[in-house]
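Participant: Can you read through this structure? Questions will come right after.
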Amino acid sequence: MRVRRSRGRDPLGLRRALSDRLLPALVAAMALLAALTLAGARGAADLAARWEGGAATALTVQMPHGARTDGAIRVLVAMPEIAEARLADQARLAALLRPWLGEAPAIPLPTVIELRLASLPDDPEELAARIAASVPGASVEAHGVWVARLLALARSLQAIALAALLLVAGIATAVVAVAVRAGIAARREAIALLHALGATDGDIAGRFAGRVAWLVGLGALLGTLAAAPVLAGFADLAAPLLGGRAAAGLPWGRLPWAELAVLPPAAALIGWLTAQVTLRLWLRRLP
Amino acid sequence: MVRFAEVGLRYGGAGPEVLRDLSFTLEPGSFHWLLGPSGAGKSSVLRLMQLAARPSRGEVVVLGVSISQVPRAALPALRRRIGVVYQDFRLLPHLPVFDNVALPLRVAGRAEMQIRADVTEILRWVGLAAKAEAPPASLSGGEQQRVAIARAVVMRPALLVADEPTGNLDVPQARRVLSLLREMHRLGTTVVVATHAEALVAEYPAPALRLSEGRLVAQG
């Protein structure tokens with residue numbers, strides 16, 4: 001009786017028409033790529049966040065003792081490359097220098113002006129020289145420009161990773177559409193019969209979509225699980241870049257689990273929608 | 001029940017008309033033969049009656065609904081009130097007899113308990129209760145056609161159309177199939193049977209529509 005009920009729920013014979021091997025295997029491979037891309041995007045985002053603070057102040061100008069800062073700030077703001085110039089907070093400077101100077105209130109801290117640039121210069125050293133010439137006695141540090149460039153690179157990587165993710169999703173959609181079309185070809189007579197018996201387009205499309213969503217979701221789950229150790233290995237290699245320390249064993253906790261957990265249901269949804277659209281378009285041919 | 005008025009049918013919107021100026025009315029609860037040589041248009045008439053095609057011109061009314069005008073979304077509910085028997089049976093080979101017969105009930109969303117009772121009863125009626133779990137391929141042609149009839153009538157349709165239901169059967173099997181169709185007529189279903197087996201028609205006298213080259217040439 002259980003066999004009868006099970007067959008009854010599958011009048012189109014989709015368990016055989018939509019193979020439970022080929023489609024999940026293809027989707028698993030794409031899910032693995034998607035997981036790697038997703039983790040790449042997340043890594044680039046982490047790097048960008050880490051460098052963002054450094055890039056916010058592209059240049060620092062250390063003023064000589066006793067120099068007037070308001071005049072220097074006026075000169076600096078008048079330069080077209082500089083969007084903003086402001087005095088660095090002394091308390092923050094003290095905190096930054098504490099590891100080297102300790103608690104030494106007698107030592108005077110330098111006066112530092114932080115500059116935010118309107119756009120990244122082609123030659124930061126040339127800009128630093130011009131600033132130094134404009135503010136006599138000042139020394140200029142341009143390392144922030146390079147950090148800003150790294151930040152731009154990280155953001156580009158993030159955008160490329162997201163584009164690659166969209167590409168993988170597009171290819172997955174095409175693969176599912178081809179699989180559904182093959183399923184339709186294999187069950188054309190059964191579909192026509194159900195249609196003649198009074199099944200609605202939604203009913204027939206729903207049967208296909210349910211099966212496809214299950215297979216695609218399963219494939220995506222397997223692909224994501226397969227990607228996890230690879231990602232953990234990458235995270236281990238990238239730990240110094242992200243400010244972490246190499247630890248014994250793989251850093252499982254650093255994986256983007258929330259994003260990875262979304263992959264199987266998102267893939268199942270793509271499969272379900274693709275099957276629905278493909279079936280409904282095909283069924284429009286029937287009267 | 002079924003009314004054709006000046007009906008013409010052209011497949012795909014082009015090519016020759018396969019039905020021309022067809023007009024007739026079938027009263028509720030009637031039994032009609034649909035006669036004519038191959039290519040006369042019998043199958044096309046049945047396709048219109050079972051809502052598998054819409055007329056190119058004229059009006060076809062089935063079960064009180066004009067199928068020329070009704071929206072496509074309304075057709076499935078109407079199809080569930082029409083039983084169809086095909087010459088080639090059209091049983092699904094991957095399903096056993098029971099599930100083939102249960103298909104219309106499942107499409108209609110009936111409860112499994114109700115399905116079990118209805119299918120068991122109808123299989124008993126066609127004499128195949130013992131073959132409920134058999135695959136269709138293991139049955140004889142006559143048995144397969146009886147399964148197809150069981151599937152066509154399990155929803156207690158108001159209209160039953162059969163396209164050459166005895167075309168692939170020997171005479172004893174054909175008589176048995178026809179007796180089932182007559183039985184449905186006695187129970188109040190409107191039945192239309194297309195055939196070119198004049199000998200069988202002679203054994204079961206009933207009103208007939210005779211077609212030739214897409215036209216109705218005789219009625220009565």
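Ordering of the structure tokens sets the chain letters (A, B, ...); residue numbers start at 1 within each chain; ligands are numbered from 1 in the order shown.
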As an NGL selection string, which residues of stretch 18-208 of chain A does DSSP assign to strand (DSSP E or B)?
Facilitator: :A and (59-63 or 82-87 or 111-117 or 139-141)
Participant: I need the chosen residues saved as a PDB file, in the first residue's frame, with C-alpha atoms.
Facilitator:
```pdb
ATOM      1  CA  LEU A  59      47.467  61.496   4.297  1.00  0.00           C
ATOM      2  CA  THR A  60      48.720  62.734   7.656  1.00  0.00           C
ATOM      3  CA  VAL A  61      50.612  65.986   8.144  1.00  0.00           C
ATOM      4  CA  GLN A  62      52.796  66.294  11.254  1.00  0.00           C
ATOM      5  CA  MET A  63      53.184  69.949  12.198  1.00  0.00           C
ATOM      6  CA  ILE A  82      41.898  67.662  -0.522  1.00  0.00           C
ATOM      7  CA  ALA A  83      38.290  67.122   0.475  1.00  0.00           C
ATOM      8  CA  GLU A  84      38.730  67.585   4.217  1.00  0.00           C
ATOM      9  CA  ALA A  85      41.464  68.518   6.684  1.00  0.00           C
ATOM     10  CA  ARG A  86      41.048  68.240  10.445  1.00  0.00           C
ATOM     11  CA  LEU A  87      43.163  68.013  13.566  1.00  0.00           C
ATOM     12  CA  THR A 111      50.200  67.969  16.309  1.00  0.00           C
ATOM     13  CA  VAL A 112      48.808  65.977  13.399  1.00  0.00           C
ATOM     14  CA  ILE A 113      46.395  67.065  10.662  1.00  0.00           C
ATOM     15  CA  GLU A 114      44.471  64.262   8.971  1.00  0.00           C
ATOM     16  CA  LEU A 115      43.592  64.756   5.291  1.00  0.00           C
ATOM     17  CA  ARG A 116      40.794  63.104   3.330  1.00  0.00           C
ATOM     18  CA  LEU A 117      41.359  63.317  -0.427  1.00  0.00           C
ATOM     19  CA  SER A 139      56.301  66.284   7.393  1.00  0.00           C
ATOM     20  CA  VAL A 140      53.801  64.356   5.302  1.00  0.00           C
ATOM     21  CA  GLU A 141      53.003  60.639   5.522  1.00  0.00           C
TER      22      GLU A 141
END
```
Participant: Residues of chain A within 7 Å of chain B, counting only C-alpha atoms, what are they? List them as a ChimeraX atom specification.
Facilitator: /A:7-8,13,190,196-200,287
Participant: Do you know which residues are at most 12 Å from B:Gln145 counting only C-alpha atoms, after dropping those on the same chain fewer than 6 positions away, and could you put them as number ranges by chain?
Facilitator: B: 84-91, 97, 100-101, 126-128, 136-137, 139, 151-152, 162-170, 173-178, 180-181
Participant: With only C-alpha atoms as the basis for distance, which of A:Pro110, A:Asp201, A:Leu231, A:Ala159 is at the shortest distance from A:Leu36?
Facilitator: A:Leu231
Participant: So how many Å separate atom CA of A:Asp46 and atom CA of A:Leu225, to one decimal?
Facilitator: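 Between these atoms lies a distance of 22.4 Å.
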Participant: How far is it from atom CA of A:Phe234 to atom CA of A:Gly217, in Å with one decimal?
Facilitator: 25.1 Å
Participant: Out of A:Pro80, A:Arg16, A:Ala34, A:Ala72, which residue has the shortest atom-to-atom distance to A:Leu166 when counting only C-alpha atoms?
Facilitator: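 Between A:Pro80, A:Arg16, A:Ala34, A:Ala72, the residue approaching A:Leu166 most closely is A:Ala34.
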Participant: What separation in Å, quoted to one decimal, exists between atom CA of A:Leu47 and atom CA of A:Arg254?
Facilitator: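 Taking atom CA of A:Leu47 as the start and atom CA of A:Arg254 as the end point, the length is 13.5 Å.
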Participant: As a ChimeraX atom specification, please: all residues of stretch 78-219 of chain B that backbone DSSP puts in helix (DSSP H, G or I).
Facilitator: /B:78-79,97-107,112-125,129-131,136-138,141-153,171-186,198-203
Participant: Can you spit out the residues from that selection as a short mmCIF file (atom, residue, chain, number, x, y, z; two decimals), in the first residue's frame, using C-alpha atoms?
Facilitator:
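Once everything was written out, this is result_13.cif:
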```cif
data_model
loop_
_atom_site.label_atom_id
_atom_site.label_comp_id
_atom_site.auth_asym_id
_atom_site.auth_seq_id
_atom_site.Cartn_x
_atom_site.Cartn_y
_atom_site.Cartn_z
CA LEU B 78 -15.05 21.26 -17.49
CA ARG B 79 -12.72 18.47 -18.66
CA VAL B 97 -3.87 -0.54 -13.03
CA PHE B 98 -5.16 0.89 -9.75
CA ASP B 99 -3.20 4.14 -10.06
CA ASN B 100 -4.09 4.53 -13.73
CA VAL B 101 -7.77 4.38 -12.84
CA ALA B 102 -7.23 6.66 -9.85
CA LEU B 103 -5.62 9.40 -11.96
CA PRO B 104 -8.76 11.54 -12.58
CA LEU B 105 -9.67 11.34 -8.89
CA ARG B 106 -6.18 12.44 -7.86
CA VAL B 107 -6.23 15.26 -10.41
CA GLU B 112 -7.15 8.77 -0.67
CA MET B 113 -9.83 6.83 1.24
CA GLN B 114 -12.48 7.91 -1.23
CA ILE B 115 -10.16 7.09 -4.12
CA ARG B 116 -9.58 3.58 -2.80
CA ALA B 117 -13.30 2.92 -2.49
CA ASP B 118 -14.21 4.37 -5.90
CA VAL B 119 -11.40 2.67 -7.81
CA THR B 120 -12.05 -0.69 -6.18
CA GLU B 121 -15.74 -0.44 -7.10
CA ILE B 122 -15.10 0.59 -10.70
CA LEU B 123 -12.47 -2.12 -11.21
CA ARG B 124 -15.00 -4.65 -9.97
CA TRP B 125 -17.51 -3.20 -12.47
CA ALA B 129 -10.54 -6.17 -9.45
CA ALA B 130 -7.96 -8.95 -9.34
CA LYS B 131 -5.58 -7.02 -11.60
CA PRO B 136 -0.73 -2.30 -17.94
CA ALA B 137 1.79 -4.07 -20.18
CA SER B 138 0.86 -7.40 -18.59
CA GLY B 141 -5.75 -5.44 -25.30
CA GLY B 142 -9.33 -5.95 -24.13
CA GLU B 143 -8.29 -5.70 -20.50
CA GLN B 144 -6.31 -2.54 -21.16
CA GLN B 145 -9.33 -0.98 -22.86
CA ARG B 146 -11.50 -1.90 -19.88
CA VAL B 147 -8.95 -0.17 -17.61
CA ALA B 148 -9.19 2.87 -19.88
CA ILE B 149 -12.99 2.78 -19.61
CA ALA B 150 -12.73 2.49 -15.83
CA ARG B 151 -10.47 5.55 -15.81
CA ALA B 152 -12.90 7.43 -18.08
CA VAL B 153 -15.96 6.73 -15.91
CA VAL B 171 -14.96 -9.36 -31.52
CA PRO B 172 -15.64 -10.85 -28.04
CA GLN B 173 -13.50 -8.18 -26.38
CA ALA B 174 -15.15 -5.47 -28.48
CA ARG B 175 -18.62 -6.66 -27.42
CA ARG B 176 -17.60 -6.58 -23.78
CA VAL B 177 -16.24 -3.04 -24.10
CA LEU B 178 -19.40 -1.87 -25.88
CA SER B 179 -21.62 -3.42 -23.23
CA LEU B 180 -19.78 -1.31 -20.63
CA LEU B 181 -20.37 1.84 -22.67
CA ARG B 182 -24.08 0.94 -23.04
CA GLU B 183 -24.22 0.35 -19.31
CA MET B 184 -22.92 3.89 -18.71
CA HIS B 185 -25.65 5.15 -21.02
CA ARG B 186 -28.27 3.27 -19.02
CA GLU B 198 -20.61 -1.28 -38.91
CA ALA B 199 -21.21 -4.87 -37.71
CA LEU B 200 -21.04 -3.78 -34.07
CA VAL B 201 -23.30 -0.84 -34.77
CA ALA B 202 -25.87 -3.23 -36.20
CA GLU B 203 -25.76 -5.24 -32.95
#
```
Participant: I need the residue nearest A:Gly210 from this list: A:Ser119, A:Thr224, A:Thr274, A:Ser134. Use only C-alpha atoms for the distance.
Facilitator: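 Residue with the minimum atom-to-atom distance to A:Gly210: A:Thr274.
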Participant: Need to verify the contact set: A:Val262, 12 Å, only C-alpha atoms, exclusion of same-chain residues closer than 5 positions in sequence. Can you return it as a PyMOL selection string?
Facilitator: chain A and resi 31+34-35+38+217+220-221+224+256-257+267-269
Participant: With N, CA and C atoms retained, export the selected residues as a PDB file, in the first residue's frame.
Facilitator:
```pdb
ATOM      1  N   ALA A  31      27.172  24.717  -6.996  1.00  0.00           N
ATOM      2  CA  ALA A  31      27.054  25.208  -5.621  1.00  0.00           C
ATOM      3  C   ALA A  31      28.441  25.353  -4.994  1.00  0.00           C
ATOM      4  N   ALA A  34      29.780  28.440  -6.335  1.00  0.00           N
ATOM      5  CA  ALA A  34      29.070  29.566  -5.719  1.00  0.00           C
ATOM      6  C   ALA A  34      29.563  29.796  -4.296  1.00  0.00           C
ATOM      7  N   ALA A  35      29.791  28.691  -3.574  1.00  0.00           N
ATOM      8  CA  ALA A  35      30.261  28.822  -2.189  1.00  0.00           C
ATOM      9  C   ALA A  35      31.646  29.476  -2.154  1.00  0.00           C
ATOM     10  N   LEU A  38      31.185  33.093  -3.054  1.00  0.00           N
ATOM     11  CA  LEU A  38      30.548  33.791  -1.934  1.00  0.00           C
ATOM     12  C   LEU A  38      31.569  34.080  -0.829  1.00  0.00           C
ATOM     13  N   GLY A 217      17.993  21.464  -4.579  1.00  0.00           N
ATOM     14  CA  GLY A 217      18.335  21.760  -3.188  1.00  0.00           C
ATOM     15  C   GLY A 217      19.316  20.736  -2.640  1.00  0.00           C
ATOM     16  N   ALA A 220      22.719  21.306  -4.203  1.00  0.00           N
ATOM     17  CA  ALA A 220      23.358  22.499  -3.638  1.00  0.00           C
ATOM     18  C   ALA A 220      23.873  22.219  -2.231  1.00  0.00           C
ATOM     19  N   LEU A 221      23.116  21.430  -1.468  1.00  0.00           N
ATOM     20  CA  LEU A 221      23.563  21.087  -0.109  1.00  0.00           C
ATOM     21  C   LEU A 221      24.870  20.298  -0.161  1.00  0.00           C
ATOM     22  N   THR A 224      27.718  22.568  -1.214  1.00  0.00           N
ATOM     23  CA  THR A 224      28.108  23.490  -0.137  1.00  0.00           C
ATOM     24  C   THR A 224      28.922  22.753   0.925  1.00  0.00           C
ATOM     25  N   PRO A 256      31.896  31.821   6.382  1.00  0.00           N
ATOM     26  CA  PRO A 256      30.639  32.592   6.343  1.00  0.00           C
ATOM     27  C   PRO A 256      29.433  31.663   6.367  1.00  0.00           C
ATOM     28  N   TRP A 257      29.184  31.065   7.520  1.00  0.00           N
ATOM     29  CA  TRP A 257      28.158  30.004   7.616  1.00  0.00           C
ATOM     30  C   TRP A 257      26.762  30.518   7.239  1.00  0.00           C
ATOM     31  N   ALA A 267      19.150  27.918  -4.095  1.00  0.00           N
ATOM     32  CA  ALA A 267      19.240  27.094  -5.309  1.00  0.00           C
ATOM     33  C   ALA A 267      17.911  26.381  -5.557  1.00  0.00           C
ATOM     34  N   ALA A 268      17.310  25.858  -4.474  1.00  0.00           N
ATOM     35  CA  ALA A 268      16.015  25.168  -4.622  1.00  0.00           C
ATOM     36  C   ALA A 268      14.960  26.134  -5.169  1.00  0.00           C
ATOM     37  N   LEU A 269      15.008  27.367  -4.695  1.00  0.00           N
ATOM     38  CA  LEU A 269      14.040  28.369  -5.172  1.00  0.00           C
ATOM     39  C   LEU A 269      14.260  28.665  -6.660  1.00  0.00           C
TER      40      LEU A 269
END
```
Participant: Identify, on the basis of only C-alpha atoms, every residue whose closest approach to stretch 25-40 of chain B does not exceed 6 Å; exclude the query and any residue fewer than 4 positions from it along the same chain; express the result as number ranges by chain.
Facilitator: B: 1-3, 188-196, 207-214
Participant: Generate the output file for the selected residues, C-alpha atoms, as a tab-separated table (two decimals), in the first residue's frame.
Facilitator:
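Wrote it out as out_7.tsv, contents follow:
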```tsv
chain	number	residue	atom	x	y	z
B	1	MET	CA	-25.83	18.88	-23.56
B	2	VAL	CA	-23.72	19.00	-26.76
B	3	ARG	CA	-24.52	21.43	-29.54
B	188	GLY	CA	-27.69	8.37	-17.47
B	189	THR	CA	-24.39	9.41	-19.07
B	190	THR	CA	-24.43	10.97	-22.54
B	191	VAL	CA	-22.29	8.65	-24.67
B	192	VAL	CA	-20.74	9.24	-28.09
B	193	VAL	CA	-18.83	6.39	-29.73
B	194	ALA	CA	-16.87	6.88	-32.95
B	195	THR	CA	-16.36	3.70	-34.95
B	196	HIS	CA	-16.17	2.33	-38.44
B	207	PRO	CA	-28.99	7.16	-33.29
B	208	ALA	CA	-25.97	7.87	-35.49
B	209	LEU	CA	-24.16	10.85	-36.95
B	210	ARG	CA	-22.58	9.94	-40.26
B	211	LEU	CA	-19.65	12.06	-41.49
B	212	SER	CA	-17.96	12.26	-44.84
B	213	GLU	CA	-15.09	14.60	-45.73
B	214	GLY	CA	-15.73	16.74	-42.66
```
Participant: Within 6 Å of stretch 18-26 of chain A, counting only C-alpha atoms, which residues qualify if same-chain residues fewer than 4 places away don't, as a ChimeraX atom specification?
Facilitator: /A:14,183,215-216,219
Participant: Show which residues sit within 10 Å of stretch 203-206 of chain A, as a list of chain:residue names. Count only C-alpha atoms, and ignore same-chain residues fewer than 5 positions away.
Facilitator: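 Skipping anything fewer than 5 positions along the chain leaves A:Leu12, A:Ile191, A:Ala192, A:Leu194, A:His195, A:Gly198, A:Arg211, A:Val212, A:Trp272, A:Leu273, A:Ala275, A:Gln276, A:Val277, A:Thr278, A:Leu279, A:Arg280, A:Leu281, A:Trp282, A:Leu283, B:Val107.
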Participant: For the residues in that selection, give me N, CA, C and O atoms as a PDB file, in the first residue's frame.
Facilitator:
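This went into result_12.pdb:
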```
ATOM      1  N   LEU A  12       3.352  11.338 -13.023  1.00  0.00           N
ATOM      2  CA  LEU A  12       4.132  11.647 -14.222  1.00  0.00           C
ATOM      3  C   LEU A  12       5.429  10.826 -14.289  1.00  0.00           C
ATOM      4  O   LEU A  12       6.167  10.924 -15.263  1.00  0.00           O
ATOM      5  N   ILE A 191       1.974  13.975 -19.572  1.00  0.00           N
ATOM      6  CA  ILE A 191       1.538  15.354 -19.326  1.00  0.00           C
ATOM      7  C   ILE A 191       0.252  15.637 -20.103  1.00  0.00           C
ATOM      8  O   ILE A 191      -0.710  16.207 -19.567  1.00  0.00           O
ATOM      9  N   ALA A 192       0.248  15.223 -21.380  1.00  0.00           N
ATOM     10  CA  ALA A 192      -0.944  15.459 -22.210  1.00  0.00           C
ATOM     11  C   ALA A 192      -2.155  14.739 -21.622  1.00  0.00           C
ATOM     12  O   ALA A 192      -3.275  15.266 -21.641  1.00  0.00           O
ATOM     13  N   LEU A 194      -2.667  13.924 -18.361  1.00  0.00           N
ATOM     14  CA  LEU A 194      -3.125  14.644 -17.157  1.00  0.00           C
ATOM     15  C   LEU A 194      -3.890  15.907 -17.549  1.00  0.00           C
ATOM     16  O   LEU A 194      -4.905  16.244 -16.945  1.00  0.00           O
ATOM     17  N   HIS A 195      -3.380  16.592 -18.566  1.00  0.00           N
ATOM     18  CA  HIS A 195      -4.055  17.801 -19.065  1.00  0.00           C
ATOM     19  C   HIS A 195      -5.463  17.441 -19.540  1.00  0.00           C
ATOM     20  O   HIS A 195      -6.435  18.143 -19.215  1.00  0.00           O
ATOM     21  N   GLY A 198      -8.059  16.970 -16.914  1.00  0.00           N
ATOM     22  CA  GLY A 198      -8.525  18.144 -16.172  1.00  0.00           C
ATOM     23  C   GLY A 198      -7.509  18.718 -15.203  1.00  0.00           C
ATOM     24  O   GLY A 198      -7.871  19.547 -14.355  1.00  0.00           O
ATOM     25  N   ARG A 211       9.663  18.383  -7.676  1.00  0.00           N
ATOM     26  CA  ARG A 211      10.738  17.411  -7.878  1.00  0.00           C
ATOM     27  C   ARG A 211      12.070  18.128  -8.155  1.00  0.00           C
ATOM     28  O   ARG A 211      13.112  17.784  -7.602  1.00  0.00           O
ATOM     29  N   VAL A 212      12.018  19.129  -9.034  1.00  0.00           N
ATOM     30  CA  VAL A 212      13.236  19.858  -9.406  1.00  0.00           C
ATOM     31  C   VAL A 212      13.810  20.595  -8.188  1.00  0.00           C
ATOM     32  O   VAL A 212      15.022  20.563  -7.953  1.00  0.00           O
ATOM     33  N   TRP A 272      12.899  25.730  -8.544  1.00  0.00           N
ATOM     34  CA  TRP A 272      11.429  25.727  -8.517  1.00  0.00           C
ATOM     35  C   TRP A 272      10.872  26.746  -9.519  1.00  0.00           C
ATOM     36  O   TRP A 272       9.985  26.429 -10.318  1.00  0.00           O
ATOM     37  N   LEU A 273      11.433  27.952  -9.478  1.00  0.00           N
ATOM     38  CA  LEU A 273      10.943  29.009 -10.372  1.00  0.00           C
ATOM     39  C   LEU A 273      11.214  28.657 -11.836  1.00  0.00           C
ATOM     40  O   LEU A 273      10.345  28.831 -12.701  1.00  0.00           O
ATOM     41  N   ALA A 275      11.567  25.694 -13.186  1.00  0.00           N
ATOM     42  CA  ALA A 275      10.674  24.612 -13.614  1.00  0.00           C
ATOM     43  C   ALA A 275       9.262  25.145 -13.848  1.00  0.00           C
ATOM     44  O   ALA A 275       8.602  24.785 -14.836  1.00  0.00           O
ATOM     45  N   GLN A 276       8.801  25.981 -12.961  1.00  0.00           N
ATOM     46  CA  GLN A 276       7.450  26.556 -13.109  1.00  0.00           C
ATOM     47  C   GLN A 276       7.336  27.301 -14.443  1.00  0.00           C
ATOM     48  O   GLN A 276       6.392  27.085 -15.210  1.00  0.00           O
ATOM     49  N   VAL A 277       8.310  28.182 -14.693  1.00  0.00           N
ATOM     50  CA  VAL A 277       8.244  29.008 -15.915  1.00  0.00           C
ATOM     51  C   VAL A 277       8.344  28.126 -17.154  1.00  0.00           C
ATOM     52  O   VAL A 277       7.558  28.260 -18.105  1.00  0.00           O
ATOM     53  N   THR A 278       9.310  27.185 -17.154  1.00  0.00           N
ATOM     54  CA  THR A 278       9.502  26.323 -18.327  1.00  0.00           C
ATOM     55  C   THR A 278       8.245  25.510 -18.612  1.00  0.00           C
ATOM     56  O   THR A 278       7.790  25.417 -19.758  1.00  0.00           O
ATOM     57  N   LEU A 279       7.668  24.916 -17.566  1.00  0.00           N
ATOM     58  CA  LEU A 279       6.464  24.085 -17.747  1.00  0.00           C
ATOM     59  C   LEU A 279       5.280  24.918 -18.222  1.00  0.00           C
ATOM     60  O   LEU A 279       4.569  24.535 -19.161  1.00  0.00           O
ATOM     61  N   ARG A 280       5.076  26.043 -17.576  1.00  0.00           N
ATOM     62  CA  ARG A 280       3.894  26.853 -17.923  1.00  0.00           C
ATOM     63  C   ARG A 280       3.991  27.367 -19.352  1.00  0.00           C
ATOM     64  O   ARG A 280       2.976  27.418 -20.055  1.00  0.00           O
ATOM     65  N   LEU A 281       5.202  27.736 -19.781  1.00  0.00           N
ATOM     66  CA  LEU A 281       5.357  28.170 -21.179  1.00  0.00           C
ATOM     67  C   LEU A 281       5.050  27.016 -22.124  1.00  0.00           C
ATOM     68  O   LEU A 281       4.379  27.186 -23.137  1.00  0.00           O
ATOM     69  N   TRP A 282       5.531  25.823 -21.784  1.00  0.00           N
ATOM     70  CA  TRP A 282       5.281  24.660 -22.648  1.00  0.00           C
ATOM     71  C   TRP A 282       3.795  24.305 -22.659  1.00  0.00           C
ATOM     72  O   TRP A 282       3.232  23.998 -23.722  1.00  0.00           O
ATOM     73  N   LEU A 283       3.162  24.356 -21.502  1.00  0.00           N
ATOM     74  CA  LEU A 283       1.737  23.975 -21.415  1.00  0.00           C
ATOM     75  C   LEU A 283       0.833  24.929 -22.187  1.00  0.00           C
ATOM     76  O   LEU A 283      -0.286  24.548 -22.548  1.00  0.00           O
TER      77      LEU A 283
ATOM     78  N   VAL B 107      -6.266  13.934  -9.761  1.00  0.00           N
ATOM     79  CA  VAL B 107      -6.230  15.259 -10.406  1.00  0.00           C
ATOM     80  C   VAL B 107      -7.287  16.167  -9.778  1.00  0.00           C
ATOM     81  O   VAL B 107      -7.056  17.366  -9.575  1.00  0.00           O
TER      82      VAL B 107
END
```
